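What's in upload-v2.cif: mmCIF, C-alpha atoms
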```cif
data_start
loop_
_atom_site.label_atom_id
_atom_site.label_comp_id
_atom_site.auth_asym_id
_atom_site.auth_seq_id
_atom_site.Cartn_x
_atom_site.Cartn_y
_atom_site.Cartn_z
CA MET A 1038 0.00 0.00 0.00
CA LYS A 1039 1.13 3.54 -0.73
CA LYS A 1040 2.33 5.27 2.43
CA HIS A 1041 -0.03 8.04 3.53
CA GLN A 1042 1.54 11.51 3.32
CA LYS A 1043 0.05 13.40 6.25
CA HIS A 1044 1.59 16.79 5.48
CA ALA A 1045 2.38 18.64 2.29
CA LYS A 1046 5.81 17.74 0.96
CA LEU A 1047 7.76 21.01 0.88
CA THR A 1048 11.27 21.80 -0.28
CA LYS A 1049 13.12 22.86 2.86
CA PRO A 1050 15.68 25.66 2.98
CA ASN A 1051 19.26 24.57 3.64
CA TYR A 1052 19.25 25.50 7.32
CA GLY A 1053 21.51 24.28 10.07
CA ASN A 1054 20.65 24.69 13.75
CA PHE A 1055 20.94 28.47 13.64
CA ALA A 1056 21.32 29.59 10.03
CA ARG A 1057 22.12 28.53 6.48
CA ASN A 1058 25.87 28.93 6.98
CA GLU A 1059 27.21 28.02 10.41
CA TRP A 1060 30.57 26.79 11.69
CA ALA A 1061 31.23 25.34 15.15
CA ILE A 1062 34.68 25.71 16.72
CA ILE A 1063 35.31 22.78 19.04
CA GLY A 1064 38.15 21.03 20.86
CA THR A 1065 39.81 23.76 22.94
CA PRO A 1066 38.80 25.68 26.11
CA CYS A 1067 35.92 28.14 25.64
CA GLY A 1068 38.18 31.15 26.20
CA ASN A 1069 40.31 30.12 23.21
CA ILE A 1070 37.20 29.59 21.07
CA GLN A 1071 35.89 33.01 21.99
CA GLN A 1072 39.23 34.67 21.26
CA LEU A 1073 39.53 32.96 17.85
CA ALA A 1074 35.92 33.82 16.97
CA TYR A 1075 36.44 37.48 17.84
CA GLN A 1076 39.60 37.68 15.72
CA LEU A 1077 37.76 36.20 12.72
CA ILE A 1078 34.74 38.45 13.19
CA GLN A 1079 36.95 41.56 13.27
CA GLN A 1080 38.40 40.63 9.87
CA LEU A 1081 35.13 39.51 8.25
CA THR A 1082 32.79 42.24 9.44
CA ALA A 1083 33.74 44.72 6.68
CA ASN A 1084 32.15 42.52 4.01
CA TYR A 1085 29.85 40.09 5.80
CA LYS A 1086 27.28 39.93 8.58
CA VAL A 1087 28.72 37.57 11.17
CA ALA A 1088 27.07 36.33 14.37
CA TYR A 1089 28.51 34.47 17.35
CA VAL A 1090 26.78 31.87 19.53
CA ASP A 1091 28.09 30.99 22.98
CA ALA A 1092 26.90 30.01 26.44
CA ASP A 1093 27.10 31.97 29.68
CA HIS A 1094 29.89 30.34 31.67
CA ALA A 1095 28.70 31.66 35.02
CA HIS A 1096 27.05 29.24 37.42
CA GLY A 1097 23.29 29.00 36.99
CA ASP A 1098 22.72 29.69 40.69
CA ALA A 1099 24.91 32.82 40.68
CA PRO A 1100 23.13 35.98 41.90
CA PRO A 1101 21.94 38.39 39.16
CA ALA A 1102 24.56 40.93 38.11
CA ASP A 1103 22.11 43.86 38.21
CA ASN A 1104 18.54 44.84 38.89
CA ASN A 1105 16.42 44.91 35.72
CA ALA A 1106 13.03 43.93 34.37
CA MET A 1107 14.10 40.30 33.96
CA THR A 1108 15.18 39.93 37.59
CA ASN A 1109 11.82 41.41 38.57
CA GLY A 1110 9.80 38.85 36.64
CA ALA A 1111 9.48 40.21 33.10
CA ALA A 1112 9.23 37.55 30.38
CA LEU A 1113 10.91 39.77 27.77
CA GLU A 1114 13.03 42.91 27.96
CA TYR A 1115 14.26 45.12 25.13
CA THR A 1116 17.08 47.61 25.70
CA ASP A 1117 18.28 50.23 23.22
CA LYS A 1118 22.02 50.14 23.98
CA ILE A 1119 22.72 53.08 21.62
CA THR A 1120 25.45 51.16 19.76
CA HIS A 1121 23.31 48.01 19.48
CA HIS A 1122 19.95 46.57 20.51
CA ARG A 1123 19.44 43.85 23.08
CA PHE A 1124 16.60 41.45 23.78
CA ASP A 1125 16.48 39.29 26.91
CA THR A 1126 13.86 36.57 27.07
CA LYS A 1127 12.88 33.78 29.43
CA ALA A 1128 11.28 31.82 26.61
CA LYS A 1129 12.86 28.45 25.90
CA LEU A 1130 14.46 28.61 22.45
CA ASN A 1131 15.13 25.77 20.03
CA THR A 1132 16.20 25.45 16.41
CA TYR A 1133 12.88 26.76 15.09
CA GLN A 1134 13.17 29.92 17.18
CA TYR A 1135 16.89 30.45 16.51
CA ARG A 1136 16.57 30.56 12.73
CA PRO A 1137 14.47 33.76 12.45
CA TYR A 1138 16.94 35.60 14.69
CA PHE A 1139 19.94 34.54 12.59
CA ASN A 1140 18.21 34.65 9.20
CA GLU A 1141 20.06 37.68 7.83
CA GLN A 1142 23.55 36.55 8.88
CA ASP A 1143 26.03 35.46 6.23
CA LEU A 1144 27.95 33.40 8.75
CA VAL A 1145 27.35 32.17 12.30
CA LEU A 1146 30.32 31.10 14.40
CA VAL A 1147 29.35 28.75 17.23
CA ASN A 1148 31.07 27.59 20.40
CA GLY A 1149 31.02 23.89 19.56
CA ASN A 1150 31.74 22.88 23.15
CA HIS A 1151 28.14 23.88 23.92
CA PHE A 1152 26.20 23.87 20.62
CA LYS A 1153 26.07 21.92 17.38
CA ALA A 1154 26.51 23.42 13.91
CA ASN A 1155 26.40 21.82 10.48
CA LYS A 1156 30.11 22.52 9.72
CA GLN A 1157 32.99 22.25 12.14
CA ILE A 1158 36.48 23.55 12.85
CA VAL A 1159 38.24 21.09 15.16
CA VAL A 1160 41.06 22.36 17.35
CA ILE A 1161 43.62 19.71 18.34
CA ASP A 1162 44.39 20.69 21.92
CA PRO A 1163 45.73 18.17 24.50
CA LYS A 1164 43.82 20.07 27.21
CA LYS A 1165 40.50 19.07 25.65
CA GLU A 1166 41.36 15.75 24.00
CA LYS A 1167 39.30 13.63 26.40
CA SER A 1168 36.38 16.04 26.20
CA LEU A 1169 36.51 15.95 22.39
CA GLN A 1170 36.35 12.14 22.42
CA LYS A 1171 32.94 12.40 24.12
CA LYS A 1172 31.64 14.76 21.39
CA LEU A 1173 32.72 12.94 18.24
CA ASP A 1174 29.08 12.63 17.20
CA ARG A 1175 29.06 16.41 16.65
CA LEU A 1176 31.75 16.11 13.97
CA THR A 1177 29.55 15.61 10.91
CA ASP A 1178 31.27 17.88 8.38
CA VAL A 1179 34.74 18.89 9.52
CA ARG A 1180 36.20 21.58 7.26
CA LEU A 1181 39.38 22.55 9.15
CA LEU A 1182 41.78 21.03 11.69
CA LEU A 1183 43.70 23.53 13.82
CA LEU A 1184 46.82 22.61 15.80
CA THR A 1185 47.70 24.38 19.03
CA GLU A 1186 51.36 25.06 19.88
CA ASN A 1187 51.52 22.11 22.28
CA SER A 1188 49.63 19.75 19.98
CA ASN A 1189 51.09 16.27 19.42
CA GLY A 1190 49.34 15.72 16.08
CA ILE A 1191 45.96 14.24 15.20
CA PRO A 1192 44.73 11.87 17.96
CA THR A 1193 44.03 8.26 16.99
CA SER A 1194 40.38 8.54 18.09
CA LEU A 1195 39.86 11.45 15.68
CA LYS A 1196 41.56 9.62 12.81
CA GLU A 1197 39.25 6.67 13.35
CA HIS A 1198 36.18 8.93 13.40
CA LEU A 1199 37.30 10.90 10.33
CA PRO A 1200 38.47 8.39 7.70
CA ASN A 1201 39.16 11.31 5.36
CA TRP A 1202 41.20 13.26 7.94
CA GLN A 1203 44.26 13.44 5.66
CA THR A 1204 42.26 15.44 3.07
CA ILE A 1205 41.01 18.01 5.61
CA PRO A 1206 43.10 21.22 5.56
CA THR A 1207 45.29 21.41 8.68
CA LEU A 1208 46.56 24.76 9.95
CA LYS A 1209 48.02 26.24 13.11
CA ILE A 1210 45.46 27.96 15.31
CA SER A 1211 47.58 31.12 15.05
CA ASP A 1212 47.25 31.16 11.23
CA ILE A 1213 44.36 33.64 11.15
CA LYS A 1214 44.95 34.47 7.48
CA GLY A 1215 44.72 30.80 6.51
CA ILE A 1216 41.52 30.29 8.52
CA LEU A 1217 40.01 33.44 6.99
CA LYS A 1218 40.86 32.24 3.50
CA ALA A 1219 38.97 28.99 4.12
CA LEU A 1220 35.93 30.80 5.54
CA GLU A 1221 35.82 33.39 2.76
CA SER A 1222 36.14 30.70 0.09
CA ASP A 1223 33.15 28.91 1.63
CA LEU A 1224 31.18 32.17 1.87
CA GLN A 1225 31.68 32.78 -1.85
CA GLN A 1226 30.60 29.23 -2.70
CA HIS A 1227 27.58 29.71 -0.44
CA ILE A 1228 26.15 32.54 -2.55
CA SER A 1229 22.86 31.22 -3.91
CA HIS A 1230 22.40 30.46 -7.59
CA LEU A 1231 20.14 32.89 -9.41
CA ASN A 1232 16.82 31.93 -10.97
CA GLY A 1233 14.73 34.26 -13.12
CA LEU A 1234 11.05 35.02 -12.59
CA VAL A 1235 8.94 36.93 -15.13
CA LEU A 1236 5.70 38.13 -13.53
CA ALA A 1237 3.09 37.23 -16.15
CA GLY A 1238 0.09 36.41 -13.97
CA GLY A 1239 -1.63 39.80 -13.84
CA ARG A 1240 -5.09 40.32 -15.32
CA SER A 1241 -4.05 43.52 -17.21
CA GLN A 1242 -7.34 45.22 -16.38
CA ARG A 1243 -6.01 48.75 -16.98
CA MET A 1244 -4.48 47.78 -20.34
CA GLY A 1245 -7.54 45.84 -21.49
CA THR A 1246 -5.39 43.09 -23.02
CA ASP A 1247 -2.81 40.66 -21.64
CA LYS A 1248 0.40 42.69 -21.19
CA GLY A 1249 2.49 39.55 -21.37
CA LEU A 1250 1.33 38.90 -24.94
CA ILE A 1251 1.96 42.38 -26.37
CA ASP A 1252 4.57 42.34 -29.12
CA TYR A 1253 7.23 45.05 -28.80
CA HIS A 1254 10.27 43.12 -30.00
CA GLY A 1255 8.97 40.55 -32.47
CA LYS A 1256 7.65 38.15 -29.83
CA ALA A 1257 5.31 38.08 -26.83
CA GLN A 1258 6.63 40.43 -24.15
CA ARG A 1259 6.79 37.70 -21.49
CA GLU A 1260 9.00 35.63 -23.82
CA HIS A 1261 11.21 38.64 -24.53
CA MET A 1262 11.65 39.27 -20.80
CA ALA A 1263 12.42 35.62 -20.13
CA ASP A 1264 15.02 35.65 -22.91
CA LEU A 1265 16.68 38.67 -21.27
CA LEU A 1266 16.77 37.01 -17.84
CA ASN A 1267 18.14 33.79 -19.27
CA GLU A 1268 21.45 35.55 -19.86
CA PHE A 1269 21.93 35.92 -16.10
CA CYS A 1270 19.97 33.06 -14.53
CA GLU A 1271 20.36 29.33 -14.03
CA THR A 1272 16.70 28.73 -14.92
CA THR A 1273 14.01 31.24 -15.87
CA PHE A 1274 10.32 30.75 -15.04
CA LEU A 1275 7.10 32.47 -15.97
CA SER A 1276 5.00 33.30 -12.91
CA VAL A 1277 1.30 32.68 -13.58
CA ARG A 1278 -1.89 32.88 -11.54
CA GLN A 1279 -3.82 29.74 -10.61
CA GLY A 1280 -5.63 28.24 -13.60
CA GLN A 1281 -3.97 30.59 -16.10
CA SER A 1282 -3.50 28.96 -19.50
CA VAL A 1283 0.00 29.50 -20.90
CA SER A 1284 0.68 28.12 -24.35
CA SER A 1285 3.42 28.58 -26.96
CA THR A 1286 6.26 28.95 -24.45
CA ASN A 1287 9.47 27.04 -23.92
CA TYR A 1288 9.79 28.31 -20.36
CA PRO A 1289 8.62 26.44 -17.24
CA THR A 1290 5.95 28.08 -15.11
CA ILE A 1291 5.35 28.58 -11.41
CA GLU A 1292 1.69 28.86 -10.51
CA ASP A 1293 0.73 31.05 -7.56
CA SER A 1294 0.48 29.12 -4.30
CA PHE A 1295 -0.16 32.36 -2.39
CA VAL A 1296 -3.38 33.31 -4.13
CA GLY A 1297 -4.77 36.82 -4.57
CA LEU A 1298 -1.62 38.62 -3.41
CA GLY A 1299 -0.37 39.90 -6.77
CA PRO A 1300 3.42 40.21 -7.22
CA PHE A 1301 3.98 39.56 -3.50
CA GLY A 1302 2.30 36.17 -3.87
CA ALA A 1303 4.27 35.41 -7.02
CA ILE A 1304 7.62 36.03 -5.31
CA ALA A 1305 6.60 34.02 -2.23
CA SER A 1306 5.38 31.18 -4.47
CA ALA A 1307 8.75 31.05 -6.23
CA PHE A 1308 10.53 30.77 -2.88
CA LEU A 1309 8.09 28.11 -1.72
CA LYS A 1310 9.12 25.97 -4.68
CA TYR A 1311 12.84 26.81 -4.71
CA PRO A 1312 13.77 28.28 -1.29
CA ASN A 1313 17.52 27.86 -1.79
CA HIS A 1314 17.77 30.01 -4.92
CA ALA A 1315 17.88 33.78 -5.23
CA TRP A 1316 15.37 35.24 -7.68
CA LEU A 1317 15.87 37.91 -10.32
CA VAL A 1318 12.29 39.16 -10.51
CA VAL A 1319 10.95 41.39 -13.30
CA ALA A 1320 7.46 42.47 -14.25
CA CYS A 1321 6.42 41.74 -17.83
CA ASP A 1322 5.29 45.33 -18.45
CA LEU A 1323 8.79 46.79 -18.88
CA PRO A 1324 9.26 47.02 -22.65
CA LEU A 1325 12.34 49.29 -22.45
CA LEU A 1326 14.26 47.09 -20.01
CA ASP A 1327 17.48 45.93 -21.63
CA GLN A 1328 20.49 43.74 -21.06
CA THR A 1329 22.69 46.65 -19.97
CA THR A 1330 20.32 47.56 -17.13
CA LEU A 1331 20.08 43.95 -15.95
CA GLN A 1332 23.86 43.58 -16.19
CA HIS A 1333 24.23 46.59 -13.89
CA LEU A 1334 21.83 45.01 -11.39
CA ALA A 1335 23.58 41.63 -11.47
CA ALA A 1336 27.07 43.15 -11.25
CA HIS A 1337 26.12 45.11 -8.11
CA ARG A 1338 24.24 42.28 -6.43
CA ASN A 1339 24.85 42.22 -2.67
CA PRO A 1340 23.99 38.78 -1.24
CA SER A 1341 24.61 40.10 2.27
CA THR A 1342 21.36 42.10 2.04
CA ILE A 1343 17.87 40.68 1.54
CA ALA A 1344 17.60 42.19 -1.95
CA THR A 1345 19.33 44.32 -4.57
CA ALA A 1346 16.97 46.78 -6.24
CA PHE A 1347 16.84 49.99 -8.24
CA ASN A 1348 15.55 53.26 -6.89
CA SER A 1349 12.43 54.11 -8.83
CA PRO A 1350 13.07 57.17 -11.04
CA VAL A 1351 9.41 58.12 -10.51
CA ASN A 1352 9.14 58.26 -6.70
CA GLU A 1353 12.66 57.29 -5.49
CA PHE A 1354 11.28 54.31 -3.56
CA PRO A 1355 12.82 50.85 -4.12
CA GLU A 1356 11.54 49.13 -7.24
CA PRO A 1357 10.62 45.59 -6.11
CA LEU A 1358 9.76 44.22 -9.56
CA ILE A 1359 13.19 44.74 -11.12
CA ALA A 1360 15.18 43.27 -8.26
CA ILE A 1361 17.23 40.34 -7.02
CA TRP A 1362 15.58 38.78 -3.97
CA GLU A 1363 17.96 36.68 -1.82
CA PRO A 1364 16.79 33.49 -0.04
CA LYS A 1365 16.98 35.31 3.31
CA SER A 1366 14.11 37.54 2.10
CA TYR A 1367 11.64 34.64 2.08
CA PRO A 1368 10.99 34.46 5.85
CA ILE A 1369 10.90 38.27 5.95
CA LEU A 1370 8.18 38.32 3.27
CA LEU A 1371 6.19 35.85 5.36
CA GLN A 1372 6.67 37.97 8.49
CA PHE A 1373 5.17 40.97 6.70
CA LEU A 1374 2.31 38.82 5.42
CA ALA A 1375 1.61 37.61 8.97
CA GLN A 1376 1.32 41.27 10.01
CA GLY A 1377 -1.20 41.98 7.25
CA TYR A 1378 1.04 43.47 4.54
CA SER A 1379 1.38 42.15 0.99
CA CYS A 1380 3.34 44.98 -0.61
CA PRO A 1381 6.85 43.92 -1.73
CA ARG A 1382 7.92 47.57 -1.85
CA LYS A 1383 7.03 47.97 1.85
CA VAL A 1384 9.26 44.98 2.59
CA LEU A 1385 12.19 46.63 0.79
CA ILE A 1386 11.63 50.04 2.39
CA ASN A 1387 11.72 48.50 5.87
CA SER A 1388 14.55 46.02 5.36
CA ASN A 1389 18.29 45.91 4.73
CA VAL A 1390 18.64 46.20 0.94
CA GLN A 1391 21.20 47.28 -1.65
CA LEU A 1392 19.78 50.20 -3.63
CA LEU A 1393 21.08 51.27 -7.03
CA ASP A 1394 20.38 54.01 -9.53
CA ALA A 1395 19.68 52.65 -13.00
CA PRO A 1396 22.20 53.71 -15.67
CA ILE A 1397 19.25 55.11 -17.67
CA GLY A 1398 16.13 55.68 -15.58
CA GLU A 1399 13.85 55.60 -18.63
CA LYS A 1400 14.60 51.87 -19.03
CA LEU A 1401 12.52 51.19 -15.90
CA MET A 1402 9.33 52.64 -17.38
CA ASN A 1403 6.38 50.32 -16.95
CA VAL A 1404 3.38 50.28 -19.27
CA ASN A 1405 -0.08 49.79 -17.77
CA HIS A 1406 -2.38 51.88 -20.01
CA PRO A 1407 -2.99 52.02 -23.79
CA GLU A 1408 -1.57 55.56 -24.03
CA GLU A 1409 1.65 54.40 -22.33
CA LEU A 1410 1.80 51.54 -24.81
CA GLU A 1411 1.97 53.94 -27.75
CA LYS A 1412 4.64 56.03 -26.00
CA ALA A 1413 6.74 52.89 -25.40
CA ARG A 1414 6.46 51.82 -29.04
CA THR A 1415 7.55 55.27 -30.17
CA LEU A 1416 10.61 55.16 -27.87
CA ILE A 1417 11.51 51.66 -29.05
CA SER A 1418 11.22 52.67 -32.71
CA LYS A 1419 13.69 55.50 -32.08
#
```

Exercise: express the given structure as structure tokens:
Amino acid sequence: MKKHQKHAKLTKPNYGNFARNEWAIIGTPCGNIQQLAYQLIQQLTANYKVAYVDADHAHGDAPPADNNAMTNGAALEYTDKITHHRFDTKAKLNTYQYRPYFNEQDLVLVNGNHFKANKQIVVIDPKKEKSLQKKLDRLTDVRLLLLTENSNGIPTSLKEHLPNWQTIPTLKISDIKGILKALESDLQQHISHLNGLVLAGGRSQRMGTDKGLIDYHGKAQREHMADLLNEFCETTFLSVRQGQSVSSTNYPTIEDSFVGLGPFGAIASAFLKYPNHAWLVVACDLPLLDQTTLQHLAAHRNPSTIATAFNSPVNEFPEPLIAIWEPKSYPILLQFLAQGYSCPRKVLINSNVQLLDAPIGEKLMNVNHPEELEKARTLISK
């Protein structure tokens, strides 16, 4: 008998315990881990968002350090620390609660003596050799071996646990440049592949005819836009509404799963299907958009933000429908939806984004009305 599938089968994002890209440092006293993590963060912070996860090493029964809302029974306290913002909570956190907090981080460094992470840096330190033997189950994807000054080489127990140990890069713990090189190489490889999404699911009520089928360049506009995106994307899709008939196309389609939400729903539906890809999203009503403009957008993509977008030449707000949306934007879109907002521009205005000015602002002109259609054709003919 066919096994009953109780829940919808969804493609899951490539999360670890805290984030998509996390490295545990394990095998040496916590003070050494903290010192190494801080050194790495200082060097990486100019180009990446880096977080650090550790445990409080004070005794649990130690008296509170100060008098605050938490010590007086509050369940949650927020403090504006001027240079940063701090939340204290008594809620019990697990993997599902950690991930939203760390969603926007490019890299999370973790004290592996206390927490697990999906990639590991193992420090070979005689002081912690016995402790490490008890935590071998945490070593699931070791990327670096670091030797302390008093190290006697790779322990036998570790060699037996890591049959490929000879192929794992081995450095001295003092070789900060070497460790940084390994982390930065992984960060570059971790940049998500880019898919294209042409928004062709609108009803074109203002135009009076399907905008995706208008011929400006010798073919249906949605096909022209998809051809443009194909130059920059791994795979390009046409976004269509539920039940929309799409014929005479060589491009795959993504039907709206978030129904009745317009472009917001189209973007969310694309992430629902492929949550580990970034999306180059364009509306189909941009007849002047060209390869040069898209090249400028792709060349200035900033994966450390949630999206890279142009400033609108009309109102100077971010233009959400000629933009690259990173995978980290997906949970943020859903957070806005949960609060009752379905405007992708509002998401960009209130989030960390990379904003660009288009080389030629006129190329971003969208066409929604018949009179704009004639203007666009005149400009194209010139």

Which residues of region 1170-1228 of chain A come within 12 Å of region 1083-1089 of chain A, and what is each one's closest atom pair and distance in Å (one decimal), counting all atoms listed in the file, sorted by chain and residue number, as JSON lines?
```
{"residue": "A:Leu1220", "atom": "CA", "partner": "A:Tyr1085", "partner_atom": "CA", "distance": 11.1}
{"residue": "A:Glu1221", "atom": "CA", "partner": "A:Tyr1085", "partner_atom": "CA", "distance": 9.5}
{"residue": "A:Leu1224", "atom": "CA", "partner": "A:Tyr1085", "partner_atom": "CA", "distance": 8.9}
{"residue": "A:Gln1225", "atom": "CA", "partner": "A:Tyr1085", "partner_atom": "CA", "distance": 10.7}
{"residue": "A:Ile1228", "atom": "CA", "partner": "A:Tyr1085", "partner_atom": "CA", "distance": 11.8}
```

Which protein, DNA or RNA residues are at most 12 Å from (-6.2, 29.2, -11.3) in the file's coordinates when you count all atoms listed in the file, listed as a PyMOL selection string? chain A and resi 1238-1240+1277-1283+1291-1297

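With only C-alpha atoms as the atoms that count, the minimum distance from Thr1272 (chain A) to the choices A:Leu1309, A:Ala1336, A:Ala1074, A:Leu1234 is reached by A:Leu1234.
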
Find the residues around Ile1062 (chain A) up to 10 Å (all atoms listed in the file counted), leave out those fewer than 4 positions away in its own chain, and share them as a list in words. Cys1067, Asn1069, Ile1070, Gln1071, Leu1073, Ala1074, Leu1146, Val1147, Asn1148, Gly1149, Asn1150, His1151, Phe1152, Lys1153, Ala1154, Lys1156, Gln1157, Ile1158, Val1159, Val1160, Val1179, Leu1181, Leu1182 and Leu1183 of chain A

I want to know what sits within 9 Å of Glu1363 (chain A), based on all atoms listed in the file, with residues of the same chain fewer than 5 positions away left out; could you give that as a list in words?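 In the requested form, the answer reads Ser1229, Leu1231, Asn1313, His1314, Ala1315, Trp1316, Leu1317, Asn1339, Pro1340, Ser1341, Thr1342, Ile1343, Ala1344 and Thr1345 of chain A.
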
What residues come out when you apply the PyMOL selection byres ((chain A and resi 1404) around 10) to this file, written as a VMD selection string? chain A and resid 1243 to 1244 1248 1321 to 1325 1401 to 1403 1405 to 1413

Set the distance at 8 Å and use only C-alpha atoms: which residues neighbour Thr1048 (chain A) once local chain neighbours fewer than 5 positions away are removed? I'd like the list as a short mmCIF file (atom, residue, chain, number, x, y, z; two decimals) with C-alpha atoms, in the coordinates of the input.
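The file below, around.cif, is the result:
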```cif
data_model
loop_
_atom_site.label_atom_id
_atom_site.label_comp_id
_atom_site.auth_asym_id
_atom_site.auth_seq_id
_atom_site.Cartn_x
_atom_site.Cartn_y
_atom_site.Cartn_z
CA LEU A 1309 8.09 28.11 -1.72
CA LYS A 1310 9.12 25.97 -4.68
CA TYR A 1311 12.84 26.81 -4.71
CA PRO A 1312 13.77 28.28 -1.29
#
```
